[in-house]
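Raw final-v3.cif, mmCIF, C-alpha atoms:
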data_structure
loop_
_atom_site.label_atom_id
_atom_site.label_comp_id
_atom_site.auth_asym_id
_atom_site.auth_seq_id
_atom_site.Cartn_x
_atom_site.Cartn_y
_atom_site.Cartn_z
CA MET A 14 29.16 -21.62 34.31
CA ARG A 15 27.40 -24.95 33.96
CA SER A 16 26.71 -25.91 30.38
CA ASP A 17 23.11 -26.91 31.12
CA LEU A 18 22.49 -23.36 32.37
CA LEU A 19 23.54 -22.05 28.96
CA GLY A 20 21.19 -24.53 27.32
CA ASP A 21 18.35 -23.40 29.60
CA ILE A 22 19.05 -19.77 28.78
CA LEU A 23 18.75 -20.45 25.05
CA LEU A 24 15.58 -22.48 25.51
CA LEU A 25 13.85 -19.97 27.76
CA THR A 26 14.98 -17.06 25.58
CA ALA A 27 13.35 -18.74 22.60
CA GLU A 28 10.20 -19.34 24.63
CA HIS A 29 10.23 -15.71 25.76
CA LEU A 30 10.62 -14.45 22.21
CA LEU A 31 7.75 -16.64 21.07
CA LEU A 32 5.47 -15.23 23.78
CA VAL A 33 6.35 -11.67 22.82
CA LEU A 34 6.01 -12.37 19.10
CA ASN A 35 2.59 -13.97 19.55
CA ALA A 36 1.37 -11.13 21.72
CA MET A 37 2.65 -8.46 19.32
CA VAL A 38 1.06 -10.09 16.26
CA PHE A 39 -2.32 -10.02 18.00
CA ALA A 40 -1.81 -6.55 19.47
CA ILE A 41 -0.94 -5.10 16.05
CA ALA A 42 -3.74 -7.00 14.31
CA ILE A 43 -6.23 -5.58 16.81
CA GLY A 44 -4.67 -2.19 17.65
CA VAL A 45 -4.03 -0.78 14.18
CA PRO A 46 -7.48 -1.49 12.69
CA LEU A 47 -9.11 -0.32 15.92
CA GLY A 48 -7.06 2.90 15.78
CA ILE A 49 -8.17 3.45 12.19
CA TYR A 50 -11.77 2.82 13.24
CA LEU A 51 -11.40 5.51 15.90
CA THR A 52 -10.22 8.08 13.32
CA ARG A 53 -13.62 7.62 11.63
CA HIS A 54 -15.78 7.31 14.76
CA ARG A 55 -15.13 10.12 17.16
CA ALA A 56 -17.83 9.01 19.61
CA ALA A 57 -16.07 5.70 20.29
CA ARG A 58 -12.74 7.35 21.18
CA PRO A 59 -13.23 8.02 24.90
CA TRP A 60 -14.58 4.49 25.42
CA LEU A 61 -11.83 2.55 23.67
CA LEU A 62 -8.99 4.80 24.79
CA GLY A 63 -10.39 4.72 28.31
CA PHE A 64 -10.55 0.93 28.25
CA SER A 65 -6.96 0.50 27.07
CA ASN A 66 -5.82 3.15 29.54
CA VAL A 67 -7.40 1.25 32.42
CA MET A 68 -5.76 -1.97 31.21
CA GLN A 69 -2.36 -0.25 31.46
CA THR A 70 -2.96 0.84 35.03
CA ILE A 71 -3.73 -2.66 36.35
CA PRO A 72 -0.54 -4.15 37.84
CA SER A 73 0.54 -7.01 35.59
CA LEU A 74 0.55 -9.66 38.30
CA ALA A 75 -3.00 -8.65 39.25
CA LEU A 76 -4.14 -8.76 35.61
CA PHE A 77 -2.87 -12.33 35.31
CA GLY A 78 -4.76 -13.13 38.46
CA PHE A 79 -7.97 -11.61 37.12
CA LEU A 80 -7.68 -13.52 33.86
CA ILE A 81 -7.12 -16.99 35.32
CA PRO A 82 -10.79 -17.67 36.26
CA ILE A 83 -12.21 -16.31 32.98
CA PRO A 84 -13.32 -19.12 30.64
CA PHE A 85 -11.67 -19.46 27.19
CA VAL A 86 -9.10 -16.69 27.66
CA GLY A 87 -8.02 -17.62 31.16
CA GLY A 88 -6.55 -20.59 32.90
CA ILE A 89 -2.94 -21.45 33.67
CA GLY A 90 -0.40 -21.20 30.88
CA LYS A 91 0.68 -19.38 27.78
CA ARG A 92 -2.75 -18.42 26.47
CA THR A 93 -3.56 -16.32 29.52
CA VAL A 94 -0.14 -14.69 29.34
CA ILE A 95 -0.61 -13.75 25.71
CA VAL A 96 -4.06 -12.29 26.37
CA ALA A 97 -2.64 -10.15 29.18
CA LEU A 98 0.32 -9.01 27.09
CA VAL A 99 -2.01 -8.06 24.23
CA LEU A 100 -4.14 -5.97 26.60
CA TYR A 101 -1.01 -4.11 27.73
CA ALA A 102 0.39 -3.58 24.25
CA LEU A 103 -2.91 -2.28 22.90
CA LEU A 104 -2.79 1.28 24.23
CA PRO A 105 0.44 2.55 22.63
CA ILE A 106 -0.47 0.99 19.27
CA LEU A 107 -4.07 2.20 19.34
CA ARG A 108 -3.14 5.70 20.46
CA ASN A 109 -0.28 6.15 18.02
CA THR A 110 -2.38 4.92 15.10
CA LEU A 111 -5.09 7.43 15.99
CA VAL A 112 -2.69 10.32 16.65
CA GLY A 113 -0.58 9.52 13.58
CA ILE A 114 -3.55 9.57 11.21
CA LEU A 115 -5.17 12.62 12.79
CA GLY A 116 -1.78 14.34 12.59
CA VAL A 117 -1.57 14.12 8.79
CA GLU A 118 -1.62 17.71 7.54
CA ALA A 119 -5.23 18.87 7.10
CA ALA A 120 -4.52 20.47 3.71
CA VAL A 121 -3.19 17.16 2.37
CA CYS A 122 -6.33 15.28 3.42
CA GLU A 123 -8.56 18.07 2.14
CA SER A 124 -6.87 17.94 -1.27
CA ALA A 125 -7.15 14.18 -1.38
CA ILE A 126 -10.89 14.34 -0.70
CA ALA A 127 -11.43 17.26 -3.08
CA MET A 128 -9.67 15.36 -5.85
CA GLY A 129 -12.20 12.59 -5.53
CA MET A 130 -10.41 9.97 -3.47
CA THR A 131 -12.70 7.47 -1.79
CA ASP A 132 -12.24 7.00 1.95
CA GLY A 133 -10.34 3.75 1.33
CA GLN A 134 -7.98 5.46 -1.12
CA LEU A 135 -7.42 8.33 1.30
CA LEU A 136 -6.55 5.82 4.01
CA ARG A 137 -4.30 3.51 1.97
CA GLN A 138 -2.54 6.03 -0.25
CA VAL A 139 -2.28 9.03 2.04
CA GLN A 140 -3.04 8.57 5.72
CA ILE A 141 -1.40 5.22 6.48
CA PRO A 142 1.84 5.95 4.59
CA LEU A 143 2.16 9.36 6.24
CA ALA A 144 1.25 8.03 9.71
CA ALA A 145 3.51 4.97 9.37
CA PRO A 146 6.45 6.35 11.41
CA THR A 147 4.13 7.28 14.29
CA ILE A 148 2.35 3.91 14.18
CA MET A 149 5.75 2.20 14.11
CA ALA A 150 6.85 4.20 17.16
CA GLY A 151 3.80 2.87 19.01
CA ILE A 152 4.67 -0.68 18.01
CA ARG A 153 8.25 -0.17 19.18
CA VAL A 154 7.24 1.14 22.60
CA ALA A 155 4.69 -1.68 22.99
CA THR A 156 7.26 -4.32 22.01
CA VAL A 157 9.91 -3.12 24.44
CA THR A 158 7.38 -2.98 27.29
CA THR A 159 6.03 -6.42 26.40
CA ILE A 160 9.50 -7.97 26.54
CA GLY A 161 9.82 -6.78 30.13
CA THR A 162 6.28 -7.63 31.19
CA ALA A 163 6.56 -11.14 29.73
CA THR A 164 9.03 -12.07 32.49
CA ILE A 165 6.06 -12.21 34.86
CA ALA A 166 4.51 -14.93 32.70
CA ALA A 167 6.42 -17.52 34.71
CA ALA A 168 4.23 -16.71 37.71
CA ILE A 169 1.28 -18.42 36.04
CA GLY A 170 3.15 -21.16 34.22
CA GLY A 171 3.72 -19.24 30.98
CA GLY A 172 7.44 -19.96 30.83
CA GLY A 173 10.01 -17.60 29.35
CA LEU A 174 12.96 -15.89 31.01
CA GLY A 175 10.87 -15.11 34.07
CA VAL A 176 11.36 -18.73 35.12
CA PHE A 177 14.99 -17.90 36.00
CA ILE A 178 14.04 -14.73 37.80
CA PHE A 179 11.35 -16.31 39.97
CA ARG A 180 13.60 -19.28 40.70
CA GLY A 181 16.50 -16.94 41.52
CA VAL A 182 14.41 -14.77 43.81
CA ALA A 183 13.03 -17.83 45.64
CA SER A 184 16.50 -19.32 46.22
CA VAL A 185 18.33 -15.99 46.59
CA ASP A 186 20.54 -16.96 43.65
CA THR A 187 21.92 -13.92 41.84
CA VAL A 188 23.26 -15.95 38.96
CA GLN A 189 19.77 -17.31 38.25
CA ILE A 190 18.25 -13.83 38.42
CA LEU A 191 20.85 -12.44 36.03
CA ALA A 192 20.39 -15.41 33.70
CA GLY A 193 16.81 -14.23 33.25
CA ALA A 194 17.21 -10.48 33.50
CA LEU A 195 20.24 -9.99 31.25
CA PRO A 196 18.91 -11.76 28.13
CA ALA A 197 15.55 -10.00 28.61
CA ALA A 198 17.30 -6.63 28.76
CA LEU A 199 19.40 -7.46 25.72
CA ILE A 200 16.34 -8.49 23.71
CA ALA A 201 14.61 -5.25 24.71
CA VAL A 202 17.57 -3.13 23.63
CA ALA A 203 17.89 -5.02 20.34
CA ALA A 204 14.16 -4.69 19.62
CA ASP A 205 14.27 -0.98 20.42
CA TRP A 206 17.21 -0.48 18.09
CA GLY A 207 15.83 -2.63 15.26
CA LEU A 208 12.32 -1.20 15.30
CA GLY A 209 13.76 2.29 15.68
CA TRP A 210 15.70 1.69 12.48
CA VAL A 211 12.49 0.65 10.68
CA GLU A 212 10.79 3.75 12.04
CA ARG A 213 13.51 6.04 10.69
CA LYS A 214 13.36 4.30 7.32
CA LEU A 215 9.60 4.95 7.19
CA SER A 216 9.92 8.62 8.07
CA SER A 217 12.62 9.31 5.49
CA VAL A 218 10.14 8.64 2.66
CA MET B 28 -27.36 26.68 -19.22
CA ALA B 29 -25.12 27.79 -16.39
CA LEU B 30 -22.34 25.36 -15.56
CA VAL B 31 -22.64 26.20 -11.87
CA GLU B 32 -25.72 27.69 -10.28
CA PHE B 33 -26.48 28.72 -6.71
CA ARG B 34 -30.22 28.92 -6.08
CA ASP B 35 -31.31 30.52 -2.78
CA VAL B 36 -28.46 28.88 -0.93
CA SER B 37 -28.24 29.33 2.83
CA TYR B 38 -25.80 27.66 5.15
CA GLU B 39 -25.72 27.61 8.92
CA ILE B 40 -23.40 26.15 11.51
CA ALA B 41 -25.12 25.61 14.85
CA GLY B 42 -27.74 28.22 14.03
CA LYS B 43 -25.15 30.81 12.96
CA PRO B 44 -25.78 31.92 9.35
CA ILE B 45 -22.71 31.72 7.10
CA LEU B 46 -24.46 32.17 3.75
CA ARG B 47 -27.81 33.88 3.27
CA GLU B 48 -29.97 33.15 0.22
CA LEU B 49 -27.14 33.26 -2.25
CA SER B 50 -28.21 33.04 -5.90
CA LEU B 51 -25.81 33.35 -8.79
CA ASN B 52 -24.83 31.68 -12.07
CA VAL B 53 -21.43 30.84 -13.44
CA GLU B 54 -21.46 30.47 -17.22
CA ALA B 55 -19.08 28.19 -19.11
CA GLY B 56 -15.73 29.85 -19.76
CA GLU B 57 -16.06 32.66 -17.24
CA THR B 58 -13.92 33.36 -14.19
CA LEU B 59 -16.11 34.28 -11.27
CA VAL B 60 -14.25 35.85 -8.39
CA LEU B 61 -15.82 35.52 -4.95
CA LEU B 62 -14.51 38.57 -3.13
CA GLY B 63 -15.01 39.28 0.55
CA ARG B 64 -13.47 39.68 4.00
CA SER B 65 -12.62 36.68 6.12
CA GLY B 66 -15.82 35.18 7.42
CA SER B 67 -17.90 36.51 4.53
CA GLY B 68 -18.78 32.98 3.43
CA LYS B 69 -16.74 32.86 0.22
CA THR B 70 -14.84 29.67 1.00
CA THR B 71 -18.03 28.04 2.24
CA ALA B 72 -19.69 28.87 -1.08
CA LEU B 73 -16.72 27.42 -2.96
CA LYS B 74 -16.81 24.16 -1.04
CA MET B 75 -20.46 23.69 -1.96
CA ILE B 76 -19.58 23.40 -5.62
CA ASN B 77 -17.58 20.18 -5.26
CA GLY B 78 -19.74 18.71 -2.52
CA MET B 79 -17.33 19.26 0.36
CA LEU B 80 -20.29 21.06 2.00
CA PHE B 81 -24.01 21.01 1.29
CA PRO B 82 -26.52 23.86 1.68
CA THR B 83 -28.75 24.00 4.74
CA ARG B 84 -31.44 25.45 2.44
CA GLY B 85 -31.52 25.94 -1.32
CA ARG B 86 -29.50 24.05 -3.90
CA VAL B 87 -26.28 24.21 -5.86
CA PHE B 88 -26.41 22.87 -9.41
CA VAL B 89 -23.42 21.64 -11.38
CA ASP B 90 -24.14 20.81 -15.03
CA GLY B 91 -27.82 21.26 -14.22
CA ARG B 92 -27.82 18.62 -11.47
CA PRO B 93 -28.08 19.44 -7.76
CA THR B 94 -24.87 18.52 -5.91
CA THR B 95 -26.95 16.35 -3.57
CA ASP B 96 -27.82 14.11 -6.57
CA TRP B 97 -24.22 13.69 -7.72
CA ASP B 98 -22.00 10.86 -6.57
CA PRO B 99 -19.52 13.03 -4.63
CA ILE B 100 -16.51 11.10 -5.98
CA GLN B 101 -17.62 11.58 -9.61
CA LEU B 102 -18.41 15.24 -8.99
CA ARG B 103 -15.03 16.00 -7.41
CA ARG B 104 -13.06 14.29 -10.16
CA ARG B 105 -14.66 16.67 -12.66
CA ILE B 106 -13.67 19.72 -10.62
CA GLY B 107 -10.10 20.90 -10.11
CA TYR B 108 -9.26 22.28 -6.66
CA VAL B 109 -6.42 24.58 -5.68
CA ILE B 110 -5.96 25.82 -2.08
CA GLN B 111 -3.57 28.25 -0.42
CA GLU B 112 -1.72 25.51 1.48
CA VAL B 113 -1.40 23.60 -1.82
CA GLY B 114 -1.73 20.23 -0.08
CA LEU B 115 0.66 18.26 -2.29
CA PHE B 116 1.29 14.71 -1.06
CA PRO B 117 4.71 14.86 0.63
CA HIS B 118 5.40 11.18 -0.08
CA PHE B 119 4.62 11.42 -3.83
CA ASN B 120 7.06 12.96 -6.28
CA ILE B 121 5.91 15.87 -8.44
CA GLY B 122 4.98 13.67 -11.40
CA ASP B 123 2.85 11.37 -9.22
CA ASN B 124 1.22 14.34 -7.52
CA VAL B 125 0.17 15.83 -10.87
CA GLY B 126 -0.89 12.46 -12.28
CA LEU B 127 -3.04 11.56 -9.29
CA VAL B 128 -6.56 12.14 -10.61
CA PRO B 129 -5.81 10.60 -14.04
CA LYS B 130 -4.51 7.56 -12.17
CA LEU B 131 -7.64 7.39 -10.00
CA GLU B 132 -9.63 7.63 -13.22
CA GLY B 133 -7.78 4.64 -14.62
CA TRP B 134 -5.78 6.29 -17.42
CA SER B 135 -2.97 4.23 -18.94
CA ALA B 136 0.58 4.94 -17.75
CA PRO B 137 1.77 6.45 -21.08
CA ASP B 138 -1.31 8.73 -21.22
CA ILE B 139 -0.64 9.90 -17.67
CA GLU B 140 3.00 10.58 -18.46
CA THR B 141 2.16 12.59 -21.59
CA ARG B 142 -0.40 14.62 -19.68
CA VAL B 143 1.89 15.25 -16.70
CA ASN B 144 4.73 16.40 -18.98
CA LEU B 145 2.42 18.73 -20.90
CA LEU B 146 1.04 20.32 -17.74
CA LEU B 147 4.39 20.73 -15.98
CA ASP B 148 5.62 22.49 -19.12
CA LYS B 149 2.55 24.72 -19.15
CA VAL B 150 3.11 25.87 -15.57
CA GLY B 151 6.77 26.58 -16.23
CA MET B 152 8.24 23.55 -14.43
CA PRO B 153 10.31 21.59 -17.00
CA PRO B 154 9.34 17.94 -16.40
CA ALA B 155 12.85 16.60 -16.99
CA GLU B 156 14.05 18.73 -14.09
CA PHE B 157 11.10 18.51 -11.72
CA ARG B 158 9.00 15.40 -12.16
CA SER B 159 11.02 13.13 -9.89
CA ARG B 160 11.60 15.74 -7.17
CA TYR B 161 9.57 15.83 -3.96
CA PRO B 162 7.37 18.72 -2.75
CA ARG B 163 9.72 19.58 0.15
CA GLN B 164 12.46 20.32 -2.41
CA LEU B 165 10.42 23.10 -4.05
CA SER B 166 9.80 26.74 -3.13
CA GLY B 167 6.30 27.95 -2.21
CA GLY B 168 5.73 29.40 -5.67
CA GLN B 169 6.91 26.23 -7.40
CA ARG B 170 4.66 24.14 -5.18
CA GLN B 171 1.63 26.21 -6.12
CA ARG B 172 2.50 25.85 -9.82
CA VAL B 173 2.43 22.09 -9.28
CA GLY B 174 -0.86 22.53 -7.42
CA VAL B 175 -2.36 24.25 -10.47
CA ALA B 176 -1.01 21.55 -12.80
CA ARG B 177 -2.50 18.88 -10.55
CA ALA B 178 -5.91 20.57 -10.65
CA LEU B 179 -5.82 20.64 -14.46
CA ALA B 180 -4.62 17.05 -14.78
CA ALA B 181 -7.82 15.18 -15.64
CA ASP B 182 -9.04 18.07 -17.81
CA PRO B 183 -11.95 19.06 -15.53
CA PRO B 184 -14.46 21.56 -16.95
CA VAL B 185 -14.55 23.52 -13.69
CA LEU B 186 -11.70 24.73 -11.47
CA LEU B 187 -11.98 26.04 -7.91
CA PHE B 188 -9.32 28.30 -6.41
CA ASP B 189 -9.29 29.16 -2.70
CA GLU B 190 -6.90 32.10 -2.21
CA PRO B 191 -4.26 30.13 -4.09
CA PHE B 192 -1.66 32.90 -4.19
CA GLY B 193 -2.35 34.34 -0.73
CA ALA B 194 0.77 32.92 0.92
CA LEU B 195 3.22 33.99 -1.80
CA ASP B 196 5.45 37.06 -1.88
CA PRO B 197 4.13 39.90 -4.10
CA VAL B 198 6.54 39.23 -6.97
CA MET B 199 5.73 35.54 -7.10
CA ARG B 200 2.03 36.33 -6.73
CA LEU B 201 2.04 38.58 -9.79
CA GLU B 202 3.94 35.96 -11.76
CA LEU B 203 1.37 33.30 -10.91
CA GLN B 204 -1.54 35.64 -11.60
CA ARG B 205 -0.11 36.27 -15.09
CA GLN B 206 0.31 32.57 -15.57
CA PHE B 207 -3.31 32.05 -14.51
CA LEU B 208 -4.38 34.38 -17.33
CA THR B 209 -2.22 32.52 -19.87
CA LEU B 210 -3.53 29.15 -18.75
CA ARG B 211 -7.08 30.43 -19.02
CA GLN B 212 -6.41 31.35 -22.67
CA ASP B 213 -4.89 27.94 -23.37
CA PHE B 214 -7.41 25.74 -21.58
CA GLN B 215 -10.67 27.74 -21.68
CA LYS B 216 -11.80 26.54 -18.26
CA THR B 217 -14.59 27.79 -16.05
CA SER B 218 -13.10 29.01 -12.78
CA ILE B 219 -14.43 30.14 -9.44
CA PHE B 220 -11.74 32.04 -7.58
CA VAL B 221 -11.91 33.06 -3.92
CA THR B 222 -9.84 36.04 -2.78
CA HIS B 223 -9.88 38.97 -0.37
CA ASP B 224 -7.55 40.96 -2.63
CA VAL B 225 -9.53 43.44 -4.73
CA ARG B 226 -6.61 43.94 -7.13
CA GLU B 227 -6.50 40.23 -7.80
CA ALA B 228 -10.27 40.20 -8.29
CA LEU B 229 -10.13 43.01 -10.87
CA LEU B 230 -7.16 41.45 -12.67
CA LEU B 231 -8.47 37.89 -12.93
CA GLY B 232 -12.26 38.03 -12.79
CA SER B 233 -14.60 38.20 -15.73
CA ASN B 234 -17.27 38.63 -13.07
CA ILE B 235 -16.90 39.67 -9.45
CA ALA B 236 -19.28 38.61 -6.69
CA LEU B 237 -18.79 40.60 -3.51
CA LEU B 238 -19.95 38.78 -0.38
CA SER B 239 -20.55 40.44 2.94
CA GLU B 240 -21.69 38.51 6.00
CA GLY B 241 -22.94 35.73 3.76
CA ARG B 242 -24.96 38.02 1.48
CA LEU B 243 -24.28 38.81 -2.14
CA GLU B 244 -23.65 42.58 -2.20
CA VAL B 245 -22.55 43.18 -5.77
CA LEU B 246 -22.30 40.99 -8.85
CA ALA B 247 -20.65 42.76 -11.75
CA PRO B 248 -17.86 42.57 -14.32
CA PRO B 249 -14.66 44.39 -13.23
CA GLN B 250 -15.34 47.67 -15.07
CA GLU B 251 -18.78 47.96 -13.52
CA PHE B 252 -17.53 46.79 -10.16
CA ARG B 253 -15.20 49.81 -10.00
CA GLN B 254 -18.29 52.04 -10.07
CA ALA B 255 -20.23 50.08 -7.44
CA GLN B 256 -21.75 52.26 -4.72
CA SER B 257 -22.46 49.84 -1.85
CA ASN B 258 -20.51 50.53 1.35
CA GLU B 259 -18.72 47.20 1.29
CA ALA B 260 -17.69 47.69 -2.36
CA ARG B 261 -16.43 51.22 -1.59
CA ALA B 262 -14.46 49.80 1.35
CA PHE B 263 -12.73 47.31 -0.93
CA LEU B 264 -12.17 49.81 -3.74
CA ALA B 265 -10.62 52.29 -1.31
CA VAL B 266 -7.65 49.90 -1.14
CA LEU B 267 -6.87 50.87 -4.73
CA ASP B 268 -6.48 54.57 -3.88
CA ASN B 269 -3.50 53.96 -1.61
#

Write the structure described by the file as C-alpha cells, please.
Amino acid sequence: MRSDLLGDILLLTAEHLLLVLNAMVFAIAIGVPLGIYLTRHRAARPWLLGFSNVMQTIPSLALFGFLIPIPFVGGIGKRTVIVALVLYALLPILRNTLVGILGVEAAVCESAIAMGMTDGQLLRQVQIPLAAPTIMAGIRVATVTTIGTATIAAAIGGGGLGVFIFRGVASVDTVQILAGALPAALIAVAADWGLGWVERKLSSV
Amino acid sequence: MALVEFRDVSYEIAGKPILRELSLNVEAGETLVLLGRSGSGKTTALKMINGMLFPTRGRVFVDGRPTTDWDPIQLRRRIGYVIQEVGLFPHFNIGDNVGLVPKLEGWSAPDIETRVNLLLDKVGMPPAEFRSRYPRQLSGGQRQRVGVARALAADPPVLLFDEPFGALDPVMRLELQRQFLTLRQDFQKTSIFVTHDVREALLLGSNIALLSEGRLEVLAPPQEFRQAQSNEARAFLAVLDN
C-alpha cells in the first residue's frame, strides 16, 4: 500500500470524525431540550415528531440537494453537511428523550410532585436521571447512523471518508472504496460499543 | 378550627360527576378514613387536600385557607403523602429517599441525618442496616415502611394515605396497621386515610366517612358506624359477618 494513501486515510478519518462530532453536538443540544419541551406540551408532539419523521424519510443525497440553495444554512461545503446530519440525528434523540421521560414510573413522578418538588426539581432530580439510559440509547443510534450518512458529505464538497468512496466508485477502484468504507465501519462499531458502555453504566444506577 | 375542611365540593371530569357536594371537617389529631368502593371518589377527595386536584365547585380549606390560595409547593411540603405503589425514587438510597423533603426545605446535612435515623428507627428499619440500600433491595412491606418514614420526614401536620397497605400480604398488612397506630401515638398527626377495607377503616379511623358515587353517605366514629343503617354501609359491614 502506498504510504500517501495511509496518510490520506488518517486525514479523511479525522475530517469525518469532526463532521460527526459537530453534527452530534448540535443534534443533542437541540434534540434533548426539544424532547423535554414535548413532555410538557402534548399539543406540539405530533408536529415536531412529524417533522423529524419526514426528515428521516428524505433520501440523504436529496436532502443535501434541497439544502444547497437555502441561504445561510445551505451552499457547498461542511456547513450544509452538518445541517443535514443534524436533521437526520434529531428524530432518535427527540423520540427517546420523550419516551424515556414519559416512561418514568407514574407513582415515582406522583410522589415527587406530592412531596412538593417544583417542575425543575422533578426534571433534574427524577426524570432526567431515570430516563438517561433511554436518552443515551437514542444518542447512540443517532451517532452510528450519522457516521454512515456522513460518507455522502463528499458529494457536496464536505470531505470525510466519502471522498475515497466516491473516487473509488468513479474509477472502479476497490482499494479506494475500501479505504473509505472500512474506517467508517470501524468508527461506527467503536462508537456503538463505547456509547453502549455508557448506556449500561447509566442504567446500572 | 378544622385543619382540613371540604365545603360543598363537587368535581367533574368531562361532565361526569366524581364528587357531589362533599362537606366535611377533619379536626387536628384525628384520623379520618375515607371508605368506599373503587370509583366512589375517595382518592379524588384525597388529592384535593394537597392541591393535586382542585374542585370544580366548592372549596377545600387547609389551615383555614382555600387550596386555590396556597402556593402548591408550600402546601405539599406541609402534607405527607403515602400511596399504594410507594413511589420511592429507585436511584436514591433509602436515607436519601427519606431525607428528600427536608433537603428540599433546606435543612442542614446533620439535621437531615438525625431526622432520617430517628424515622427509620421508628418504622422498624434500623438505619445502620438500611440507609444506604436501594429500594429494589427491599421487600414490599419494607418499602412501604420507608414510604411512611418519608412522609413523616419534614414533620408535616397532615398526612394523606391512599390505600397504603392494599398491595401487601395480610400478615404484613396487619403489622403495618399496628405500626400506624403506634406512630399515631408518637407523632400525634392528623391523617386522612383512603381504603376500601372496612376492617382497616374500623381499626384505624377515629372517624369514618363512607362515600358512594361521590356522595357522603355516613360520617361517624367506628362504634357508631357499626350501627349505620344506609344500604351502602350495610353492604360494607356485611363483610365483617363472613

12 Å contacts from chain A to chain B using only C-alpha atoms, as a VMD selection string: chain A and resid 117 to 132 134 to 135 138 to 145 215 to 218

Using only C-alpha atoms, please write the residues we just selected to a file, as a PDB file, in the coordinates of the input.
ATOM      1  CA  VAL A 117      -1.570  14.120   8.790  1.00  0.00           C
ATOM      2  CA  GLU A 118      -1.620  17.710   7.540  1.00  0.00           C
ATOM      3  CA  ALA A 119      -5.230  18.870   7.100  1.00  0.00           C
ATOM      4  CA  ALA A 120      -4.520  20.470   3.710  1.00  0.00           C
ATOM      5  CA  VAL A 121      -3.190  17.160   2.370  1.00  0.00           C
ATOM      6  CA  CYS A 122      -6.330  15.280   3.420  1.00  0.00           C
ATOM      7  CA  GLU A 123      -8.560  18.070   2.140  1.00  0.00           C
ATOM      8  CA  SER A 124      -6.870  17.940  -1.270  1.00  0.00           C
ATOM      9  CA  ALA A 125      -7.150  14.180  -1.380  1.00  0.00           C
ATOM     10  CA  ILE A 126     -10.890  14.340  -0.700  1.00  0.00           C
ATOM     11  CA  ALA A 127     -11.430  17.260  -3.080  1.00  0.00           C
ATOM     12  CA  MET A 128      -9.670  15.360  -5.850  1.00  0.00           C
ATOM     13  CA  GLY A 129     -12.200  12.590  -5.530  1.00  0.00           C
ATOM     14  CA  MET A 130     -10.410   9.970  -3.470  1.00  0.00           C
ATOM     15  CA  THR A 131     -12.700   7.470  -1.790  1.00  0.00           C
ATOM     16  CA  ASP A 132     -12.240   7.000   1.950  1.00  0.00           C
ATOM     17  CA  GLN A 134      -7.980   5.460  -1.120  1.00  0.00           C
ATOM     18  CA  LEU A 135      -7.420   8.330   1.300  1.00  0.00           C
ATOM     19  CA  GLN A 138      -2.540   6.030  -0.250  1.00  0.00           C
ATOM     20  CA  VAL A 139      -2.280   9.030   2.040  1.00  0.00           C
ATOM     21  CA  GLN A 140      -3.040   8.570   5.720  1.00  0.00           C
ATOM     22  CA  ILE A 141      -1.400   5.220   6.480  1.00  0.00           C
ATOM     23  CA  PRO A 142       1.840   5.950   4.590  1.00  0.00           C
ATOM     24  CA  LEU A 143       2.160   9.360   6.240  1.00  0.00           C
ATOM     25  CA  ALA A 144       1.250   8.030   9.710  1.00  0.00           C
ATOM     26  CA  ALA A 145       3.510   4.970   9.370  1.00  0.00           C
ATOM     27  CA  LEU A 215       9.600   4.950   7.190  1.00  0.00           C
ATOM     28  CA  SER A 216       9.920   8.620   8.070  1.00  0.00           C
ATOM     29  CA  SER A 217      12.620   9.310   5.490  1.00  0.00           C
ATOM     30  CA  VAL A 218      10.140   8.640   2.660  1.00  0.00           C
TER      31      VAL A 218
END

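Shortest atom-to-atom contact with Thr156 of chain A among A:Leu98, A:Ser65, A:Gly170, A:Trp60: A:Leu98, counting all atoms listed in the file.
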
Starting from the displayed file, determine the output of the PyMOL selection byres ((chain B and resi 238) around 7) and express the residue list as a compact mmCIF listing (two decimals) with C-alpha atoms, in the coordinates of the input.
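This is the output file out.txt:
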# COMPACT_ATOMS: atom_id res chain seq x y z
CA LEU B 61 -15.82 35.52 -4.95
CA LEU B 62 -14.51 38.57 -3.13
CA GLY B 63 -15.01 39.28 0.55
CA SER B 67 -17.90 36.51 4.53
CA LYS B 69 -16.74 32.86 0.22
CA ALA B 236 -19.28 38.61 -6.69
CA LEU B 237 -18.79 40.60 -3.51
CA SER B 239 -20.55 40.44 2.94
CA GLU B 240 -21.69 38.51 6.00
CA GLY B 241 -22.94 35.73 3.76
CA ARG B 242 -24.96 38.02 1.48
CA LEU B 243 -24.28 38.81 -2.14
CA GLU B 244 -23.65 42.58 -2.20

Residues returned when the PyMOL selection byres ((chain A and resi 197-212) around 9) runs on this file, as a ChimeraX atom specification: /A:26,29-30,145-150,152-154,156-161,164,174-175,192-196,213-217

Shortest interatomic distance to Ala247 of chain B - which of B:Glu259, B:Leu59, B:Glu54, B:Lys43, counting all atoms listed in the file: B:Leu59

Separation of atom CA of Ala29 of chain B from atom CA of Ser65 of chain B in Å: 27.2 Å

For Leu80 of chain A: contacts at 10 Å, all atoms listed in the file, fewer than 6 positions along chain excluded, given as JSON, numbers by chain: {"A": [86, 87, 88, 89, 93, 94, 96, 97]}

List the neighbours of Glu32 of chain B out to 7 Å using only C-alpha atoms; skip same-chain residues closer than 3 positions along the sequence, and give me the result as an mmCIF file with C-alpha atoms, in the coordinates of the input.
data_model
loop_
_atom_site.group_PDB
_atom_site.id
_atom_site.type_symbol
_atom_site.label_atom_id
_atom_site.label_comp_id
_atom_site.auth_asym_id
_atom_site.auth_seq_id
_atom_site.Cartn_x
_atom_site.Cartn_y
_atom_site.Cartn_z
ATOM 1 C CA ALA B 29 -25.120 27.790 -16.390
ATOM 2 C CA LEU B 51 -25.810 33.350 -8.790
ATOM 3 C CA ASN B 52 -24.830 31.680 -12.070
ATOM 4 C CA VAL B 53 -21.430 30.840 -13.440
ATOM 5 C CA VAL B 87 -26.280 24.210 -5.860
ATOM 6 C CA PHE B 88 -26.410 22.870 -9.410
ATOM 7 C CA VAL B 89 -23.420 21.640 -11.380
#

Counting only C-alpha atoms, the residue of A:Ala166, A:Ile106, A:Leu51, A:Leu191 that sits nearest Ile178 of chain A: A:Leu191

Extract segment 40-47 of chain B from the coordinates I pasted, and write it as a tab-separated table (two decimals), in the first residue's frame (atoms kept: C-alpha atoms).
chain	number	residue	atom	x	y	z
B	40	ILE	CA	-64.34	15.08	34.59
B	41	ALA	CA	-65.82	15.85	31.18
B	42	GLY	CA	-69.26	16.39	32.68
B	43	LYS	CA	-69.15	13.13	34.66
B	44	PRO	CA	-69.59	13.81	38.39
B	45	ILE	CA	-66.92	12.22	40.60
B	46	LEU	CA	-67.70	14.08	43.83
B	47	ARG	CA	-71.05	15.63	44.68
